[in-house]
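The structure under discussion appears below in the form of structure tokens.
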Amino acid sequence: MKPVTRAAIATLVNLTLIALPTAHADAWQDKLDQAKGQTVYFHAWGGDENINDYIQWAADRVKAEYDIDVKHVKSGAATAVSQVLAEKSAGKDNGGAVDLIWINGENFASMKKGGLLYGAFTQDLPNYALVDTENKPTTLYDFTVPVDHLEAPWGMAQLVFMYDSELVSQPPSNAAELLAFAQANPGRFTYPAPPAFHGTTFVKQMLIELSEQNAALYAPVTMADFDSVTAPLWEYLDQLHPVMWRQGKTFTDGAPRMKQLLNDGEIAISLSFNPFEASSAIANDELPNSIRTYIHDNGTIGNSHFVAIPYNASQPVAAMVFADFLMSAEAQARKANPTIWGDPTVLSMDKLDASQKAQFDNLPQGIATLSNQELAKVLQEPHASWVAALEAAWLERYGN
Amino acid sequence: MKPYLTFFLKPQLSKVGLSTSPWLTSAIFLLPVAVGLLGTWLPAFGWLPAIDARAFSIQAWSLMTDYPGFWTALKTTLTTGLVASFLAILITLLLLIGLYPSKLFKTIERNLAPLLSVPHAAFAIGLGLLIMPSGWLVRLLAQGFDQLASPPNIATFQDPMGLSLILALTLKEIPFLLFMSLAVLPSLKVSQTITLTHSLGHSRRYAWVWLIFPQLYKQIKLPFFAIIAYSLTVVDIAMIAGPTTPPTLAVMVNHWFYDPNLELRTLGAAGATSLLAINILVLGLLHLLEKPAALLRCHVVNQGSKKAHRIFWEKPIALVSALLLFSFYIGATLQMLSWSFASRWRYPHLWPDGFSTKAWSRIFNRIDEPFYTTFQLALASATLALVLCILMLENEVRLRHKKRSINTDNIQLLIYLPLLIPQIAFLFGFQVFLIQLGIDANFYALLWSHCIFVIPYVFLTLSGPYRRYDQRYQLQALSLSASHLKSFWLIKLPILLRPILYAFATGFSVSIAQYLPTLFIGAGKFSTLTTEAVAITSGSDRRLIAVMALWQQALPLLIFLFATLAPALLFRKRKALL
């Protein structure tokens, strides 16, 4: 090859290398221009005023920066899915009422399966490059279902137990110790009845622990001998229920109710998916400052939560811009602050530049938050198909 | 035909309006009900193309009956719903026998408005804060008993048998039944009847049970049926105060409709259809029992010579019931008020450990838009409903004079359908229909959906007293003024003002309470006090929940106070109208 040609090719390659990100940036700038003046209807659970305030802040920020109006519709993912389903039933394939949904797990799986999602979009969002997909695999697999860029990671969750240190001197460190605690203190522990999210997670957590992380849990449930894999679980729950709150004849309907019971002193141990929740609730006077957090020695189930765009969204581009903002270092750092929300970030500190990183420095931890080392032991969710099977089996046994 | 009656048959401009009113009103319902039912029945039998279900089958039904806890849920639904409804009417009757008419009853009557304005869910939460094992009553006991240093491990709330649900429902329905009875009682000539039966040697109890109550029942039959249907299908109260594993059938249906597994929607549709069938069965049976009851009554009354029972135990029982009723409401409201100003509050403390206005100010920052939307919707739907109902009832008067055999009752029965069908099931079909027409997610569609639930309540509040209006006043007025319009405005309207305002207030508060229609038909684009309250209630912060509940209560309270006080003010010089 002639030197000239080689140089030409090299120039060309260089140009392409320079041009590629620029093309990306141009495409993104086009999106920003397109999104100007649009309104995004963001369907997100509205039960926590801290989170509502945070969403309001984010809405104000994108209004100032990108001239996008974000309206927070305070209903959960289930009603948003219902809305999209009604629109699909009526053949309304564009101009839908939902632009963005706060979602994960089964709702995502079922929207993906039902073709109710917009399509892959996160790869085009500049801030997606900052997400820690390497060390936080749940940003790629939502309850083991491949995310496939259909939803943008928003925050991290891990099952933690909150306990009242005035009533519990030594928190349990595994399933057996939890049972021993309940036997010594009848009525002071309970968990929400599946299919409530936290209840199902507790059951999965116990199953993973008691079956010693049986490999069968990470493959479709149809391939496993369900009865023998789950036998230790039922044996355990049969022992636990009679010494639980109200003899295990009644359960709560979810984690919010458990938090109230913890404050009321009816129970001494509750559970949460947010490692910062206890600290945040203490700061907010919702829980007494004797509340602390613990996890089991072998780790607890962790997952991520996301935002997704329905297939028929009216303003998908503006929704993408908002989703991108939610992944920005600024938004993620603010979200991680327990005095504001306290939701762990999805970003990788290694991918941030100095000024971005600085926003995460000196975030208050709160007195009831475990250290990162303590939280490091994250267990993977069992294969998604286990959820329905476990819920059905649980209801069969205890739901009558 | 009597000659003076021809006067009524004079062609009038308003006639066209009157005669179309039942059809117009029914069309407002017929359409949503029809499409709503279709939207429920098709999925119940396996047709839901949105999830690729396109084969008719009864699979959903067998899956439903095999679902763990289904039969227990069905049993709980029946026992809680029926026991609560019958307790409510029984206690209402006891209150009337024991205390009506009396000064004390006047006091009860005057204080009914605040009771009626308490939102259902808020009342259930407040009741829970009183009676749960860590509730205020146990805290009160804990002040004296060391054994109660920590809350007892017993189920005094959300118990598996549904007793706390029955209590919540009963307490919530009594004021409504009393309110409905009050609109009718003046026309039943209670005092005269009692005096007459006394003179025949019978007791007050006899007069009430065998003479007055049967007439009263006829007038409040529809409200009573609405209560039964409500108690059998209610979701919010049952979620808060009812058992959990399994819950009532309505709550179970609700879960199915919201389950991430979209296939469960066919179960939800089958469950909703079952609830409708249960309603029809129960109400049909009650309707059929009227004949034997009437025969029994004839038999008893004809026997005539029975001696009166001497012990009048109804009065003390009524006193205790009234006291308990008000105590529960005052207690529940006090709990809400205290929590709304609490900073931190733990067991076994009787009062908050500290006070703060933070919850109020946080909510205040974003209450304006929901407040305005709520007010607009309630005002528009209650006014619209009132006008349509009066037109329909006037049309009845016209038909009565024509002695037409057309029975408007049949058309009007359709109006009550939306009250008999669980909202969750019915709304999906209606929503799909509105989307197909391209008119979803706007204010008028939302108003329409509210009217579907507001009109039946306005009609059932108004129709009893309206139909009992003595038409001879009208004849008299006509002979003096020779104007239909004038006699209506100057004579009939003032006489009926109290029931009309009651009906308006009822409609107004029914609109405010609508959650699912606002969410589904509004496609999430309209936030009201109730959608905000439900959102906050799905969280854990009792202080915010309390503030939202009090906000939600404010508007109905004002409007019920207005309905109670306005006639008293307007008619201070026309004593007979009071």
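How things are named: the first chain in the structure tokens is A, the next is B, and so on; residues count from 1 in each chain; ligands count from 1 in the order shown.
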Using only C-alpha atoms, tabulate the residues of chain A lying at most 6 Å from any atom of chain B, each with its closest atom pair and that distance in Å to one decimal, by chain and increasing residue number, as a Markdown table.
```
| residue | atom | partner | partner_atom | distance |
| --- | --- | --- | --- | --- |
| A:Gly46 | CA | B:Ala535 | CA | 5.0 |
| A:Gly47 | CA | B:Gly539 | CA | 3.9 |
| A:Asp48 | CA | B:Gly539 | CA | 5.6 |
| A:Val73 | CA | B:Gly524 | CA | 5.8 |
| A:Lys74 | CA | B:Ala535 | CA | 5.9 |
| A:Ala78 | CA | B:Tyr258 | CA | 5.4 |
| A:Ala86 | CA | B:Val432 | CA | 5.3 |
| A:Ser89 | CA | B:Ala50 | CA | 5.0 |
| A:Ala90 | CA | B:Gln436 | CA | 5.2 |
| A:Glu106 | CA | B:Pro260 | CA | 5.7 |
| A:Asn107 | CA | B:Pro260 | CA | 4.8 |
| A:Gly187 | CA | B:Asn153 | CA | 5.7 |
| A:Arg246 | CA | B:Asn153 | CA | 5.6 |
| A:Pro256 | CA | B:Ser540 | CA | 4.3 |
| A:Asp264 | CA | B:Tyr347 | CA | 5.2 |
| A:Glu266 | CA | B:Pro151 | CA | 5.6 |
| A:Asp285 | CA | B:Arg344 | CA | 5.3 |
| A:Leu395 | CA | B:Pro68 | CA | 5.7 |
| A:Glu396 | CA | B:Pro68 | CA | 5.1 |
| A:Gly399 | CA | B:Thr245 | CA | 4.9 |
| A:Asn400 | CA | B:Gly69 | CA | 4.2 |
```
**Request:** Quick one: pick out all helix (DSSP H, G or I) residues within region 105-271 of chain A from a backbone DSSP run and write them as a ChimeraX atom specification.
**Result:** /A:105-113,122-124,126-130,137-139,175-184,197-210,215-218,221-223,226-243,245-248,255-264
Please save C-alpha atoms of the selected residues as a PDB file, in the first residue's frame.
```
ATOM      1  CA  GLY A 105     -39.777  -7.149  37.579  1.00  0.00           C
ATOM      2  CA  GLU A 106     -42.978  -8.828  36.591  1.00  0.00           C
ATOM      3  CA  ASN A 107     -44.624  -5.712  35.166  1.00  0.00           C
ATOM      4  CA  PHE A 108     -41.661  -5.233  32.862  1.00  0.00           C
ATOM      5  CA  ALA A 109     -41.591  -8.897  31.914  1.00  0.00           C
ATOM      6  CA  SER A 110     -45.247  -8.842  31.089  1.00  0.00           C
ATOM      7  CA  MET A 111     -45.055  -5.617  29.057  1.00  0.00           C
ATOM      8  CA  LYS A 112     -42.079  -6.996  27.180  1.00  0.00           C
ATOM      9  CA  LYS A 113     -43.866 -10.250  26.506  1.00  0.00           C
ATOM     10  CA  THR A 122     -31.267   3.417  26.242  1.00  0.00           C
ATOM     11  CA  GLN A 123     -28.200   2.827  24.039  1.00  0.00           C
ATOM     12  CA  ASP A 124     -28.795   6.290  22.544  1.00  0.00           C
ATOM     13  CA  PRO A 126     -25.597   9.846  26.648  1.00  0.00           C
ATOM     14  CA  ASN A 127     -25.798   9.150  30.379  1.00  0.00           C
ATOM     15  CA  TYR A 128     -26.421   5.443  29.836  1.00  0.00           C
ATOM     16  CA  ALA A 129     -22.673   5.148  29.212  1.00  0.00           C
ATOM     17  CA  LEU A 130     -22.141   5.981  32.892  1.00  0.00           C
ATOM     18  CA  PRO A 137     -25.720  -7.009  36.493  1.00  0.00           C
ATOM     19  CA  THR A 138     -29.298  -6.344  37.528  1.00  0.00           C
ATOM     20  CA  THR A 139     -29.189  -3.242  35.326  1.00  0.00           C
ATOM     21  CA  ALA A 175     -33.141 -17.881  58.368  1.00  0.00           C
ATOM     22  CA  ALA A 176     -32.622 -20.187  61.360  1.00  0.00           C
ATOM     23  CA  GLU A 177     -31.856 -17.270  63.667  1.00  0.00           C
ATOM     24  CA  LEU A 178     -34.905 -15.389  62.422  1.00  0.00           C
ATOM     25  CA  LEU A 179     -37.025 -18.390  63.371  1.00  0.00           C
ATOM     26  CA  ALA A 180     -35.325 -18.569  66.759  1.00  0.00           C
ATOM     27  CA  PHE A 181     -36.065 -14.871  67.291  1.00  0.00           C
ATOM     28  CA  ALA A 182     -39.735 -15.359  66.412  1.00  0.00           C
ATOM     29  CA  GLN A 183     -39.976 -18.340  68.735  1.00  0.00           C
ATOM     30  CA  ALA A 184     -38.487 -16.340  71.577  1.00  0.00           C
ATOM     31  CA  PHE A 197     -43.839  -7.554  46.127  1.00  0.00           C
ATOM     32  CA  HIS A 198     -41.975  -7.588  49.437  1.00  0.00           C
ATOM     33  CA  GLY A 199     -43.736 -10.744  50.567  1.00  0.00           C
ATOM     34  CA  THR A 200     -42.753 -12.674  47.475  1.00  0.00           C
ATOM     35  CA  THR A 201     -39.200 -11.404  47.829  1.00  0.00           C
ATOM     36  CA  PHE A 202     -39.030 -12.585  51.437  1.00  0.00           C
ATOM     37  CA  VAL A 203     -40.214 -16.038  50.365  1.00  0.00           C
ATOM     38  CA  LYS A 204     -37.625 -16.114  47.579  1.00  0.00           C
ATOM     39  CA  GLN A 205     -34.919 -15.002  50.015  1.00  0.00           C
ATOM     40  CA  MET A 206     -35.781 -17.830  52.416  1.00  0.00           C
ATOM     41  CA  LEU A 207     -35.904 -20.320  49.567  1.00  0.00           C
ATOM     42  CA  ILE A 208     -32.441 -19.288  48.351  1.00  0.00           C
ATOM     43  CA  GLU A 209     -31.045 -19.537  51.869  1.00  0.00           C
ATOM     44  CA  LEU A 210     -32.714 -22.794  52.842  1.00  0.00           C
ATOM     45  CA  ALA A 215     -28.822 -24.114  40.943  1.00  0.00           C
ATOM     46  CA  ALA A 216     -32.322 -25.124  39.859  1.00  0.00           C
ATOM     47  CA  LEU A 217     -33.578 -21.711  41.047  1.00  0.00           C
ATOM     48  CA  TYR A 218     -31.754 -19.976  38.234  1.00  0.00           C
ATOM     49  CA  VAL A 221     -39.170 -23.579  37.125  1.00  0.00           C
ATOM     50  CA  THR A 222     -40.548 -26.173  34.737  1.00  0.00           C
ATOM     51  CA  MET A 223     -37.129 -27.786  34.578  1.00  0.00           C
ATOM     52  CA  PHE A 226     -40.494 -27.936  42.384  1.00  0.00           C
ATOM     53  CA  ASP A 227     -41.705 -29.984  45.326  1.00  0.00           C
ATOM     54  CA  SER A 228     -38.336 -31.241  46.431  1.00  0.00           C
ATOM     55  CA  VAL A 229     -36.549 -27.915  45.856  1.00  0.00           C
ATOM     56  CA  THR A 230     -39.135 -26.012  47.885  1.00  0.00           C
ATOM     57  CA  ALA A 231     -39.711 -28.625  50.602  1.00  0.00           C
ATOM     58  CA  PRO A 232     -37.306 -26.981  53.094  1.00  0.00           C
ATOM     59  CA  LEU A 233     -39.058 -23.646  52.531  1.00  0.00           C
ATOM     60  CA  TRP A 234     -42.503 -24.934  53.466  1.00  0.00           C
ATOM     61  CA  GLU A 235     -41.128 -26.825  56.406  1.00  0.00           C
ATOM     62  CA  TYR A 236     -39.542 -23.593  57.600  1.00  0.00           C
ATOM     63  CA  LEU A 237     -42.634 -21.432  57.051  1.00  0.00           C
ATOM     64  CA  ASP A 238     -44.828 -24.016  58.787  1.00  0.00           C
ATOM     65  CA  GLN A 239     -42.667 -23.500  61.852  1.00  0.00           C
ATOM     66  CA  LEU A 240     -42.396 -19.736  61.490  1.00  0.00           C
ATOM     67  CA  HIS A 241     -46.063 -18.823  60.941  1.00  0.00           C
ATOM     68  CA  PRO A 242     -47.479 -19.935  64.312  1.00  0.00           C
ATOM     69  CA  VAL A 243     -44.997 -17.687  66.129  1.00  0.00           C
ATOM     70  CA  TRP A 245     -47.670 -11.628  64.205  1.00  0.00           C
ATOM     71  CA  ARG A 246     -51.255 -12.767  64.753  1.00  0.00           C
ATOM     72  CA  GLN A 247     -50.168 -16.403  64.617  1.00  0.00           C
ATOM     73  CA  GLY A 248     -49.560 -16.069  60.882  1.00  0.00           C
ATOM     74  CA  ALA A 255     -44.107  -2.952  53.206  1.00  0.00           C
ATOM     75  CA  PRO A 256     -45.741   0.450  53.939  1.00  0.00           C
ATOM     76  CA  ARG A 257     -48.096  -1.214  56.436  1.00  0.00           C
ATOM     77  CA  MET A 258     -45.132  -3.056  57.994  1.00  0.00           C
ATOM     78  CA  LYS A 259     -43.351   0.249  58.505  1.00  0.00           C
ATOM     79  CA  GLN A 260     -46.375   1.573  60.415  1.00  0.00           C
ATOM     80  CA  LEU A 261     -46.486  -1.574  62.565  1.00  0.00           C
ATOM     81  CA  LEU A 262     -42.781  -1.190  63.304  1.00  0.00           C
ATOM     82  CA  ASN A 263     -43.418   2.344  64.539  1.00  0.00           C
ATOM     83  CA  ASP A 264     -46.409   1.110  66.545  1.00  0.00           C
TER      84      ASP A 264
END
```
Residues within 8 Å of Pro364 (chain A), please, as a PDB file with all heavy atoms, in the first residue's frame. Count only C-alpha atoms; anything in the same chain fewer than 6 positions from it doesn't count.
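Output (part-v4.pdb):
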```pdb
ATOM      1  N   ASN A 337     -29.010  10.801  48.170  1.00  0.00           N
ATOM      2  CA  ASN A 337     -28.943  11.490  49.460  1.00  0.00           C
ATOM      3  C   ASN A 337     -30.127  11.083  50.337  1.00  0.00           C
ATOM      4  O   ASN A 337     -31.272  11.359  50.004  1.00  0.00           O
ATOM      5  CB  ASN A 337     -28.968  13.002  49.203  1.00  0.00           C
ATOM      6  CG  ASN A 337     -28.728  13.791  50.465  1.00  0.00           C
ATOM      7  OD1 ASN A 337     -29.012  13.321  51.572  1.00  0.00           O
ATOM      8  ND2 ASN A 337     -28.206  14.988  50.305  1.00  0.00           N
ATOM      9  N   PRO A 338     -29.839  10.422  51.486  1.00  0.00           N
ATOM     10  CA  PRO A 338     -30.953   9.901  52.294  1.00  0.00           C
ATOM     11  C   PRO A 338     -31.839  11.000  52.883  1.00  0.00           C
ATOM     12  O   PRO A 338     -32.975  10.724  53.245  1.00  0.00           O
ATOM     13  CB  PRO A 338     -30.268   9.099  53.395  1.00  0.00           C
ATOM     14  CG  PRO A 338     -28.842   9.443  53.343  1.00  0.00           C
ATOM     15  CD  PRO A 338     -28.536  10.027  52.011  1.00  0.00           C
ATOM     16  N   THR A 339     -31.336  12.231  52.955  1.00  0.00           N
ATOM     17  CA  THR A 339     -32.231  13.272  53.453  1.00  0.00           C
ATOM     18  C   THR A 339     -33.198  13.709  52.358  1.00  0.00           C
ATOM     19  O   THR A 339     -34.179  14.404  52.624  1.00  0.00           O
ATOM     20  CB  THR A 339     -31.439  14.501  53.941  1.00  0.00           C
ATOM     21  OG1 THR A 339     -30.723  15.041  52.828  1.00  0.00           O
ATOM     22  CG2 THR A 339     -30.476  14.132  55.054  1.00  0.00           C
TER      23      THR A 339
END
```
Problem set entry | Residues within 8 Å of Thr76 (chain B), only C-alpha atoms, excluding chain neighbours under 6 positions, as a VMD selection string | chain B and resid 161 to 162 247 to 249
Which value, in Å to one decimal, gives the distance between CA of Asn52 (chain A) and CA of Ser280 (chain A)?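 Interatomic distance here is 14.4 Å.
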One decimal, Å: what's the distance from CA of Leu150 (chain A) over to CA of Ile101 (chain A), could you say?
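Value for the CA of Leu150 (chain A)-CA of Ile101 (chain A) distance: 11.6 Å.
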#### Entry: One-decimal distance in Å that lies between CA of Arg334 (chain A) and CA of Asp368 (chain B)
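Interatomic distance here is 26.9 Å.
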Among region 239-298 of chain A, which ones does DSSP place in strand (DSSP E or B), written as a list in words?
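Matching residues for strand (DSSP E or B) in region 239-298 of chain A are Ile269, Ser270, Leu271, Ser272, Ile291, Arg292, Thr293 and Tyr294 of chain A.
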Please write the residues from the selection above to a file, keeping all heavy atoms, as a CSV table (one decimal), in the first residue's frame.
```csv
chain,number,residue,atom,x,y,z
A,269,ILE,N,-39.3,-6.4,63.8
A,269,ILE,CA,-38.5,-6.6,62.6
A,269,ILE,C,-39.4,-6.4,61.3
A,269,ILE,O,-40.5,-7.0,61.2
A,269,ILE,CB,-37.8,-7.9,62.5
A,269,ILE,CG1,-36.9,-8.1,63.7
A,269,ILE,CG2,-37.1,-8.1,61.2
A,269,ILE,CD1,-36.2,-9.5,63.7
A,270,SER,N,-39.0,-5.5,60.4
A,270,SER,CA,-39.7,-5.3,59.2
A,270,SER,C,-38.7,-5.4,58.0
A,270,SER,O,-37.5,-5.6,58.3
A,270,SER,CB,-40.3,-3.9,59.2
A,270,SER,OG,-41.0,-3.6,58.0
A,271,LEU,N,-39.2,-5.3,56.8
A,271,LEU,CA,-38.2,-5.4,55.7
A,271,LEU,C,-38.5,-4.2,54.7
A,271,LEU,O,-39.5,-3.6,54.7
A,271,LEU,CB,-38.3,-6.7,55.0
A,271,LEU,CG,-39.6,-7.5,55.0
A,271,LEU,CD1,-40.4,-7.0,53.8
A,271,LEU,CD2,-39.4,-9.0,54.9
A,272,SER,N,-37.4,-4.0,53.9
A,272,SER,CA,-37.5,-2.9,53.0
A,272,SER,C,-36.6,-3.3,51.8
A,272,SER,O,-35.7,-4.1,51.9
A,272,SER,CB,-36.9,-1.6,53.6
A,272,SER,OG,-36.7,-0.6,52.6
A,291,ILE,N,-34.3,2.5,65.4
A,291,ILE,CA,-34.4,1.5,64.3
A,291,ILE,C,-33.0,1.4,63.6
A,291,ILE,O,-32.3,2.4,63.4
A,291,ILE,CB,-35.4,2.0,63.2
A,291,ILE,CG1,-36.8,2.2,63.9
A,291,ILE,CG2,-35.5,1.0,62.1
A,291,ILE,CD1,-37.4,0.9,64.4
A,292,ARG,N,-32.6,0.1,63.3
A,292,ARG,CA,-31.4,-0.1,62.6
A,292,ARG,C,-31.6,-1.1,61.5
A,292,ARG,O,-32.7,-1.7,61.4
A,292,ARG,CB,-30.3,-0.7,63.6
A,292,ARG,CG,-29.8,0.3,64.7
A,292,ARG,CD,-29.0,1.4,64.1
A,292,ARG,NE,-28.6,2.4,65.1
A,292,ARG,CZ,-29.3,3.4,65.5
A,292,ARG,NH1,-30.5,3.6,65.0
A,292,ARG,NH2,-28.9,4.2,66.4
A,293,THR,N,-30.6,-1.3,60.7
A,293,THR,CA,-30.8,-2.2,59.5
A,293,THR,C,-29.8,-3.4,59.6
A,293,THR,O,-28.7,-3.2,60.2
A,293,THR,CB,-30.4,-1.4,58.2
A,293,THR,OG1,-31.2,-0.2,58.2
A,293,THR,CG2,-30.8,-2.2,57.0
A,294,TYR,N,-30.3,-4.5,59.1
A,294,TYR,CA,-29.3,-5.7,59.0
A,294,TYR,C,-29.6,-6.5,57.8
A,294,TYR,O,-30.7,-6.4,57.2
A,294,TYR,CB,-29.4,-6.6,60.3
A,294,TYR,CG,-30.6,-7.4,60.4
A,294,TYR,CD1,-30.6,-8.7,59.8
A,294,TYR,CD2,-31.7,-7.0,61.1
A,294,TYR,CE1,-31.8,-9.5,59.9
A,294,TYR,CE2,-32.8,-7.9,61.3
A,294,TYR,CZ,-32.8,-9.1,60.6
A,294,TYR,OH,-34.0,-9.9,60.8
```
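Within 10 Å of Leu37 (chain B), once only C-alpha atoms are used and residues closer than 6 positions along the same chain are dropped, the contacting residues are Leu31, Ala269, Ala272, Thr273, Pro418, Ile421, Ala425, Phe426, Leu427, Phe428, Gly429 and Phe430 of chain B.
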Item to complete: With a distance cut-off of 10 Å and only C-alpha atoms, select the neighbouring residues of Gly299 (chain A), excluding the residue or stretch itself and same-chain residues fewer than 5 positions from it, and output the selection as JSON, numbers by chain.
Response: {"A": [158, 159, 160, 173, 174, 205, 209, 374, 375, 376, 377, 378, 379, 380]}
Convert the current residue selection to file output with N, CA, C and O atoms, as a PDB file, in the first residue's frame.
```pdb
ATOM      1  N   GLN A 158     -32.024  -3.423  47.370  1.00  0.00           N
ATOM      2  CA  GLN A 158     -31.572  -4.657  47.993  1.00  0.00           C
ATOM      3  C   GLN A 158     -32.437  -4.914  49.218  1.00  0.00           C
ATOM      4  O   GLN A 158     -32.735  -3.986  49.977  1.00  0.00           O
ATOM      5  N   LEU A 159     -32.843  -6.158  49.372  1.00  0.00           N
ATOM      6  CA  LEU A 159     -33.672  -6.508  50.523  1.00  0.00           C
ATOM      7  C   LEU A 159     -32.859  -6.310  51.805  1.00  0.00           C
ATOM      8  O   LEU A 159     -31.771  -6.864  51.950  1.00  0.00           O
ATOM      9  N   VAL A 160     -33.388  -5.480  52.704  1.00  0.00           N
ATOM     10  CA  VAL A 160     -32.747  -5.334  54.017  1.00  0.00           C
ATOM     11  C   VAL A 160     -33.831  -5.487  55.084  1.00  0.00           C
ATOM     12  O   VAL A 160     -35.010  -5.302  54.806  1.00  0.00           O
ATOM     13  N   SER A 173     -28.987 -13.427  61.801  1.00  0.00           N
ATOM     14  CA  SER A 173     -28.080 -13.315  60.664  1.00  0.00           C
ATOM     15  C   SER A 173     -28.372 -14.366  59.601  1.00  0.00           C
ATOM     16  O   SER A 173     -27.663 -14.471  58.628  1.00  0.00           O
ATOM     17  N   ASN A 174     -29.415 -15.152  59.820  1.00  0.00           N
ATOM     18  CA  ASN A 174     -29.836 -16.099  58.789  1.00  0.00           C
ATOM     19  C   ASN A 174     -31.251 -16.587  59.097  1.00  0.00           C
ATOM     20  O   ASN A 174     -31.834 -16.197  60.120  1.00  0.00           O
ATOM     21  N   GLN A 205     -36.131 -15.104  49.208  1.00  0.00           N
ATOM     22  CA  GLN A 205     -34.919 -15.002  50.015  1.00  0.00           C
ATOM     23  C   GLN A 205     -34.756 -16.251  50.894  1.00  0.00           C
ATOM     24  O   GLN A 205     -33.688 -16.858  50.960  1.00  0.00           O
ATOM     25  N   GLU A 209     -31.856 -19.182  50.703  1.00  0.00           N
ATOM     26  CA  GLU A 209     -31.045 -19.537  51.869  1.00  0.00           C
ATOM     27  C   GLU A 209     -31.198 -21.007  52.247  1.00  0.00           C
ATOM     28  O   GLU A 209     -30.229 -21.708  52.483  1.00  0.00           O
ATOM     29  N   GLU A 374     -20.865  -4.075  53.906  1.00  0.00           N
ATOM     30  CA  GLU A 374     -21.878  -4.966  54.461  1.00  0.00           C
ATOM     31  C   GLU A 374     -22.956  -5.288  53.425  1.00  0.00           C
ATOM     32  O   GLU A 374     -23.537  -6.359  53.417  1.00  0.00           O
ATOM     33  N   LEU A 375     -23.220  -4.293  52.560  1.00  0.00           N
ATOM     34  CA  LEU A 375     -24.267  -4.493  51.567  1.00  0.00           C
ATOM     35  C   LEU A 375     -23.769  -5.234  50.328  1.00  0.00           C
ATOM     36  O   LEU A 375     -24.547  -5.562  49.443  1.00  0.00           O
ATOM     37  N   ALA A 376     -22.476  -5.482  50.289  1.00  0.00           N
ATOM     38  CA  ALA A 376     -21.895  -6.016  49.056  1.00  0.00           C
ATOM     39  C   ALA A 376     -22.418  -7.408  48.694  1.00  0.00           C
ATOM     40  O   ALA A 376     -22.365  -7.813  47.545  1.00  0.00           O
ATOM     41  N   LYS A 377     -22.917  -8.128  49.697  1.00  0.00           N
ATOM     42  CA  LYS A 377     -23.342  -9.504  49.416  1.00  0.00           C
ATOM     43  C   LYS A 377     -24.745  -9.528  48.802  1.00  0.00           C
ATOM     44  O   LYS A 377     -25.739  -9.587  49.509  1.00  0.00           O
ATOM     45  N   VAL A 378     -24.777  -9.445  47.477  1.00  0.00           N
ATOM     46  CA  VAL A 378     -26.062  -9.390  46.785  1.00  0.00           C
ATOM     47  C   VAL A 378     -26.377 -10.746  46.176  1.00  0.00           C
ATOM     48  O   VAL A 378     -25.551 -11.327  45.485  1.00  0.00           O
ATOM     49  N   LEU A 379     -27.574 -11.252  46.451  1.00  0.00           N
ATOM     50  CA  LEU A 379     -27.999 -12.517  45.842  1.00  0.00           C
ATOM     51  C   LEU A 379     -28.827 -12.213  44.599  1.00  0.00           C
ATOM     52  O   LEU A 379     -29.584 -11.251  44.574  1.00  0.00           O
ATOM     53  N   GLN A 380     -28.663 -13.042  43.569  1.00  0.00           N
ATOM     54  CA  GLN A 380     -29.439 -12.864  42.349  1.00  0.00           C
ATOM     55  C   GLN A 380     -30.873 -13.341  42.550  1.00  0.00           C
ATOM     56  O   GLN A 380     -31.125 -14.286  43.294  1.00  0.00           O
TER      57      GLN A 380
END
```
Q. Do you know which residues are at most 9 Å from Tyr416 (chain B) counting only C-alpha atoms, after dropping those on the same chain fewer than 2 positions away, and could you put them as an NGL selection string?
A. :B and (222 or 226 or 412-414 or 418-420 or 453 or 455-457 or 460)
